[in-house]
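J.: Mind looking over this structure? Questions follow.
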Amino acid sequence: MSSDVFESLKKRYLTLRKKEVIRVLKVQDAIVSEIRDFLKGECFVEILAPIIGPVTDPGIRGAKQISFDYYGARFKVMSSMILYKQVMMTSLPKIFALSPNIRLEPLETVKTRRHLTEFRQIDLEVAHATYKDMMELGERMLCHIITKVKHRCSKELEEQKRVLKVPQKPFKKYTYKEALEILKNLGINVNFGLEIPWEAEEALSKIHKEPFWITDFPVEARGFYYMEHEDNLGILDLGILKDFDLIYPEGFGEAVSGGEREYRYNKIVERMRASEENISEYGWYLDMLKAGVPPSAGFGIGVERLTRFICGLENIWDAVPFPKVAGVLSS
Ligand code: ASN
């Protein structure tokens, strides 16, 4: 990556006034307001996202969390509000939040052009929903946003030279196992049980012209909070989750991740032990599970990645007013 790019990130006060930047910010405003309209139309209640707390999402693919001293206790900055979304299910059955997240990504993620260390996701959760319900909602939501933004921002998208098609529903679905097979045919071997690496995900994304799902990841690859498929008939592979990622086409990569939640205290403790989590850190979360929480499913869609896709931007750092990229000390 050229060092000029990073120098310009440090001088954001000079680039923010450029018409190309202003254009993207206007499209982003339309995206966020259309997501809100869509979710309000589906009877979701918007809540204010937590920014700090005693625990946060451990399932963040090799990124580090930030922890700090909070009046003598260890607190963390939200890497995602997933655990808090689950608690909200005791209060409201359909919620969303525009949630800021911090993840100290490894330096090499700069090369993916789709990682920021500070980003926002629209995080949503629905009580008593299945992961399939949430995939159906995700498809409708993405099609709604693209249809509306294409109309509202036709001038900006034309100036961007971005030709955007509203995707065809239902989107294609591959299980993790099937995705590994496709990768193998592309000459990329990923061992079963591992997370699909960024470059492999990009290669899959490049051979698609429409967004597609990857579902049913293995337990070893994901956080303890996803529900495992239960095999009452003895016909399913064991250790597979009811979860999903939505992948944008044309090389843009991951859009969404989510799934059905494990909500049973004993199962969560079992999964925490298996993934070597420090159980003592999760006091209130485990107390909440003991007190009982409804089953739920949900997902998060990254706002900057969606902006990058809709505007057809090469780099994610052009999709946010104040970009934070791994290793770059920008404002
Ligand atoms: N937002 C995701 C979810 O709802 C979690 C994540 O961002 N890691 O499952």
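Following the order of the structure tokens, first chain is A, next is B, and so on, with residues numbered from 1 inside each chain and ligands from 1 in the order they appear.
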Taking the DSSP secondary structure from the backbone, can you list the residues of segment 148-313 of chain A that are strand (DSSP E or B), as JSON, numbers by chain?

T.: {"A": [172, 173, 174, 175, 212, 213, 214, 215, 218, 226, 228, 240, 241, 243, 244, 245, 246, 247, 248, 253, 254, 255, 256, 257, 258, 259, 260, 261, 296, 297, 298, 299, 300, 301, 302]}

J.: Which segment 124-152 of chain A residues have any atom within 12 Å of an atom of segment 216-230 of chain A, and for each, what is the nearest pair of atoms with distance in Å to one decimal, counting only C-alpha atoms, rows sorted by chain and number, as a Markdown table?

T.:
| residue | atom | partner | partner_atom | distance |
| --- | --- | --- | --- | --- |
| A:Thr130 | CA | A:Met227 | CA | 10.1 |
| A:Tyr131 | CA | A:Met227 | CA | 9.4 |
| A:Lys132 | CA | A:Asp216 | CA | 11.1 |

J.: Residues of the last selection are to be written out with C-alpha atoms, as a PDB file, in the first residue's frame.

T.:
ATOM      1  CA  THR A 130     -34.824 -18.609  13.406  1.00  0.00           C
ATOM      2  CA  TYR A 131     -31.649 -17.969  11.454  1.00  0.00           C
ATOM      3  CA  LYS A 132     -33.624 -18.593   8.256  1.00  0.00           C
TER       4      LYS A 132
END

J.: Set the cut-off to 6 Å, count only C-alpha atoms and all ligand atoms, and list whatever residues fall near ligand 1 as a list in words.

T.: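 These are the residues that qualify: Gly59, Ile60, Ser80, Ile82, Asp123, Ser257, Gly258, Gly259, Gly298, Phe299 and Gly300 of chain A.
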
J.: If you count only C-alpha atoms, which residues fall within 10 Å of Leu107 of chain A, apart from same-chain ones fewer than 4 positions away, as a count of residues only?

T.: 6

J.: Determine, counting only C-alpha atoms, which protein, DNA and RNA residues have an atom within 12 Å of an atom of Lys40 of chain A; residues of the same chain fewer than 4 positions away are not included. Present the result as a compact mmCIF listing (two decimals) with N, CA and C atoms, in the first residue's frame.

T.:
# COMPACT_ATOMS: atom_id res chain seq x y z
N SER A 33 -30.60 6.34 6.53
CA SER A 33 -32.00 6.69 6.75
C SER A 33 -32.92 5.63 6.13
N GLU A 34 -32.50 5.01 5.03
CA GLU A 34 -33.34 3.96 4.43
C GLU A 34 -33.36 2.70 5.30
N ILE A 35 -32.23 2.38 5.93
CA ILE A 35 -32.23 1.21 6.84
C ILE A 35 -33.21 1.48 7.99
N ARG A 36 -33.10 2.70 8.54
CA ARG A 36 -34.00 3.03 9.66
C ARG A 36 -35.46 2.92 9.22
N PHE A 44 -39.43 -2.61 14.29
CA PHE A 44 -38.25 -2.68 15.17
C PHE A 44 -38.20 -1.40 16.02
N VAL A 45 -37.68 -1.53 17.23
CA VAL A 45 -37.47 -0.36 18.09
C VAL A 45 -35.98 -0.06 18.10
N GLU A 46 -35.63 1.20 17.82
CA GLU A 46 -34.20 1.56 17.83
C GLU A 46 -33.77 1.84 19.26
N ILE A 47 -32.69 1.21 19.68
CA ILE A 47 -32.17 1.47 21.03
C ILE A 47 -30.79 2.11 20.91
N LYS A 94 -38.03 -6.91 19.22
CA LYS A 94 -37.40 -6.60 17.91
C LYS A 94 -36.64 -5.31 18.07
N ILE A 95 -35.32 -5.40 18.10
CA ILE A 95 -34.55 -4.17 18.33
C ILE A 95 -33.45 -4.01 17.29
N PHE A 96 -33.04 -2.74 17.12
CA PHE A 96 -31.81 -2.50 16.36
C PHE A 96 -31.11 -1.29 16.94
N ALA A 97 -29.82 -1.20 16.62
CA ALA A 97 -29.02 -0.05 17.06
C ALA A 97 -27.95 0.23 16.02
N LEU A 124 -29.08 -5.93 14.73
CA LEU A 124 -30.48 -6.15 15.05
C LEU A 124 -30.71 -7.55 15.61
N MET A 141 -34.16 -6.48 3.29
CA MET A 141 -33.58 -5.21 3.73
C MET A 141 -32.57 -4.70 2.70

J.: Rounded to one decimal in Å, what is the spacing between atom CA of Met288 of chain A and atom CA of Pro50 of chain A?

T.: 16.8 Å

J.: One decimal, in Å: what's the spacing between atom CA of Leu16 of chain A and atom CA of Thr109 of chain A?

T.: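 Atom CA of Thr109 of chain A lies 23.8 Å from atom CA of Leu16 of chain A.
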
J.: Give me the residues of segment 217-269 of chain A that have any atom at most 8 Å from an atom of segment 303-312 of chain A; for each, the nearest atom pair and the distance in Å, rounded to one decimal. Use only C-alpha atoms, sort by chain and number, and format it as JSON lines.

T.:
{"residue": "A:Tyr248", "atom": "CA", "partner": "A:Phe309", "partner_atom": "CA", "distance": 7.5}
{"residue": "A:Phe252", "atom": "CA", "partner": "A:Phe309", "partner_atom": "CA", "distance": 6.4}
{"residue": "A:Ala255", "atom": "CA", "partner": "A:Arg305", "partner_atom": "CA", "distance": 6.5}

J.: Hey, can you check how far atom CA of Ile102 of chain A sits from atom CA of Pro295 of chain A?

T.: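 Separating atom CA of Ile102 of chain A from atom CA of Pro295 of chain A is a distance of 26.8 Å.
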
J.: Write down as a VMD selection string the residues of segment 188-292 of chain A whose backbone DSSP state falls under helix (DSSP H, G or I).

T.: chain A and resid 198 to 206 219 to 221 265 to 274 279 to 291

J.: With a distance cut-off of 12 Å and only C-alpha atoms, select the neighbouring residues of Asn278 of chain A, excluding the residue or stretch itself and same-chain residues fewer than 5 positions from it, and output the selection as a list in words.

T.: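 So the residues in contact are Val55, Pro58, Val269, Arg271, Met272, Arg273 and Gly283 of chain A.
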
J.: Taking N, CA, C and O atoms for each residue, export the selection above as a PDB file, in the first residue's frame.

T.:
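out.pdb written:
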ATOM      1  N   VAL A  55     -17.886  -6.970  29.489  1.00  0.00           N
ATOM      2  CA  VAL A  55     -17.547  -7.977  28.465  1.00  0.00           C
ATOM      3  C   VAL A  55     -17.985  -7.483  27.105  1.00  0.00           C
ATOM      4  O   VAL A  55     -18.851  -6.625  26.980  1.00  0.00           O
ATOM      5  N   PRO A  58     -16.296 -11.916  21.864  1.00  0.00           N
ATOM      6  CA  PRO A  58     -14.970 -12.510  21.672  1.00  0.00           C
ATOM      7  C   PRO A  58     -14.762 -13.066  20.256  1.00  0.00           C
ATOM      8  O   PRO A  58     -13.639 -13.370  19.868  1.00  0.00           O
ATOM      9  N   VAL A 269     -21.937 -22.447  28.912  1.00  0.00           N
ATOM     10  CA  VAL A 269     -20.766 -22.730  29.744  1.00  0.00           C
ATOM     11  C   VAL A 269     -19.909 -23.814  29.071  1.00  0.00           C
ATOM     12  O   VAL A 269     -18.680 -23.696  28.985  1.00  0.00           O
ATOM     13  N   ARG A 271     -19.714 -24.456  25.880  1.00  0.00           N
ATOM     14  CA  ARG A 271     -19.058 -23.869  24.699  1.00  0.00           C
ATOM     15  C   ARG A 271     -17.916 -22.942  25.120  1.00  0.00           C
ATOM     16  O   ARG A 271     -16.873 -22.880  24.470  1.00  0.00           O
ATOM     17  N   MET A 272     -18.122 -22.199  26.211  1.00  0.00           N
ATOM     18  CA  MET A 272     -17.066 -21.303  26.703  1.00  0.00           C
ATOM     19  C   MET A 272     -15.844 -22.120  27.109  1.00  0.00           C
ATOM     20  O   MET A 272     -14.716 -21.753  26.808  1.00  0.00           O
ATOM     21  N   ARG A 273     -16.103 -23.241  27.785  1.00  0.00           N
ATOM     22  CA  ARG A 273     -14.986 -24.110  28.218  1.00  0.00           C
ATOM     23  C   ARG A 273     -14.249 -24.627  26.995  1.00  0.00           C
ATOM     24  O   ARG A 273     -13.021 -24.582  26.928  1.00  0.00           O
ATOM     25  N   GLY A 283     -19.620 -12.662  34.250  1.00  0.00           N
ATOM     26  CA  GLY A 283     -20.553 -12.701  35.379  1.00  0.00           C
ATOM     27  C   GLY A 283     -21.996 -12.346  35.037  1.00  0.00           C
ATOM     28  O   GLY A 283     -22.892 -13.191  35.115  1.00  0.00           O
TER      29      GLY A 283
END

J.: Can you pull out the residues contacting Arg162 of chain A? Cut-off 10 Å, using only C-alpha atoms, and skip same-chain residues under 2 positions away; I want them as a PyMOL selection string.

T.: chain A and resi 150+154+156-160+164-165+309-313

J.: For those residues, write N, CA, C and O atoms to a file as a CSV table (one decimal), in the first residue's frame.

T.:
chain,number,residue,atom,x,y,z
A,150,LYS,N,-30.6,3.8,-5.0
A,150,LYS,CA,-30.5,4.0,-6.4
A,150,LYS,C,-31.3,5.2,-6.9
A,150,LYS,O,-30.9,6.0,-7.7
A,154,SER,N,-29.4,8.9,-7.5
A,154,SER,CA,-29.0,8.6,-8.9
A,154,SER,C,-27.9,9.5,-9.4
A,154,SER,O,-27.0,9.0,-10.1
A,156,GLU,N,-25.5,11.1,-7.6
A,156,GLU,CA,-24.2,10.7,-7.0
A,156,GLU,C,-23.7,9.4,-7.6
A,156,GLU,O,-22.5,9.3,-7.8
A,157,LEU,N,-24.6,8.4,-7.7
A,157,LEU,CA,-24.1,7.1,-8.2
A,157,LEU,C,-23.6,7.2,-9.7
A,157,LEU,O,-22.6,6.6,-10.1
A,158,GLU,N,-24.2,8.1,-10.4
A,158,GLU,CA,-23.8,8.3,-11.8
A,158,GLU,C,-22.4,8.9,-11.8
A,158,GLU,O,-21.5,8.5,-12.6
A,159,GLU,N,-22.2,9.9,-10.9
A,159,GLU,CA,-20.9,10.6,-10.8
A,159,GLU,C,-19.8,9.6,-10.4
A,159,GLU,O,-18.7,9.7,-10.8
A,160,GLN,N,-20.3,8.6,-9.6
A,160,GLN,CA,-19.4,7.6,-9.1
A,160,GLN,C,-19.1,6.5,-10.2
A,160,GLN,O,-18.3,5.6,-10.0
A,164,LEU,N,-25.5,-0.2,-10.3
A,164,LEU,CA,-25.9,-1.1,-9.2
A,164,LEU,C,-27.2,-1.8,-9.7
A,164,LEU,O,-28.2,-1.1,-10.1
A,165,LYS,N,-27.2,-3.1,-9.5
A,165,LYS,CA,-28.5,-3.8,-9.8
A,165,LYS,C,-29.2,-4.2,-8.5
A,165,LYS,O,-28.5,-4.5,-7.5
A,309,PHE,N,-19.7,-0.8,-0.9
A,309,PHE,CA,-20.4,-1.6,-2.0
A,309,PHE,C,-21.3,-0.8,-2.8
A,309,PHE,O,-21.2,-0.8,-4.1
A,310,ILE,N,-22.1,0.0,-2.2
A,310,ILE,CA,-23.1,0.8,-3.0
A,310,ILE,C,-22.4,1.8,-3.9
A,310,ILE,O,-22.8,2.0,-5.0
A,311,CYS,N,-21.4,2.4,-3.3
A,311,CYS,CA,-20.6,3.5,-4.1
A,311,CYS,C,-19.6,2.8,-5.0
A,311,CYS,O,-19.0,3.5,-5.8
A,312,GLY,N,-19.3,1.5,-4.9
A,312,GLY,CA,-18.3,0.9,-5.7
A,312,GLY,C,-16.9,1.4,-5.4
A,312,GLY,O,-16.1,1.6,-6.3
A,313,LEU,N,-16.6,1.6,-4.1
A,313,LEU,CA,-15.3,2.2,-3.7
A,313,LEU,C,-14.3,1.1,-3.6
A,313,LEU,O,-14.5,0.0,-3.1

J.: Taking only C-alpha atoms into account, name the residue in A:Ala297, A:Ala179, A:Val110, A:Ile51 that is nearest to Ala129 of chain A.

T.: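 Among the listed residues, the smallest separation from Ala129 of chain A belongs to A:Ala297.
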
J.: Restricting the calculation to only C-alpha atoms, which member of A:Met81, A:Ile247, A:Ile240, A:Leu39 is positioned closest to Phe192 of chain A?

T.: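 Of all the options, A:Ile240 lies closest to Phe192 of chain A.
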
J.: Let me make sure I understand: among A:Leu142, A:Glu250, A:Val87, A:Phe68, which one has the smallest atom-to-atom distance to Lys290 of chain A if we use only C-alpha atoms?

T.: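 Using only C-alpha atoms, Lys290 of chain A sits closest to A:Val87.
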
J.: Which residues are close to Glu254 of chain A, i.e. within 9 Å by only C-alpha atoms, leaving aside same-chain residues fewer than 6 positions away? Reply as a VMD selection string.

T.: chain A and resid 114 198 201 to 202 205 245 to 248 302 305

J.: Find the residue from A:Asp4, A:Lys155, A:Met78, A:Pro167 that sits nearest to Arg120 of chain A; use only C-alpha atoms when measuring.

T.: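 Looking at the shortest contact to Arg120 of chain A, the residue is A:Met78.
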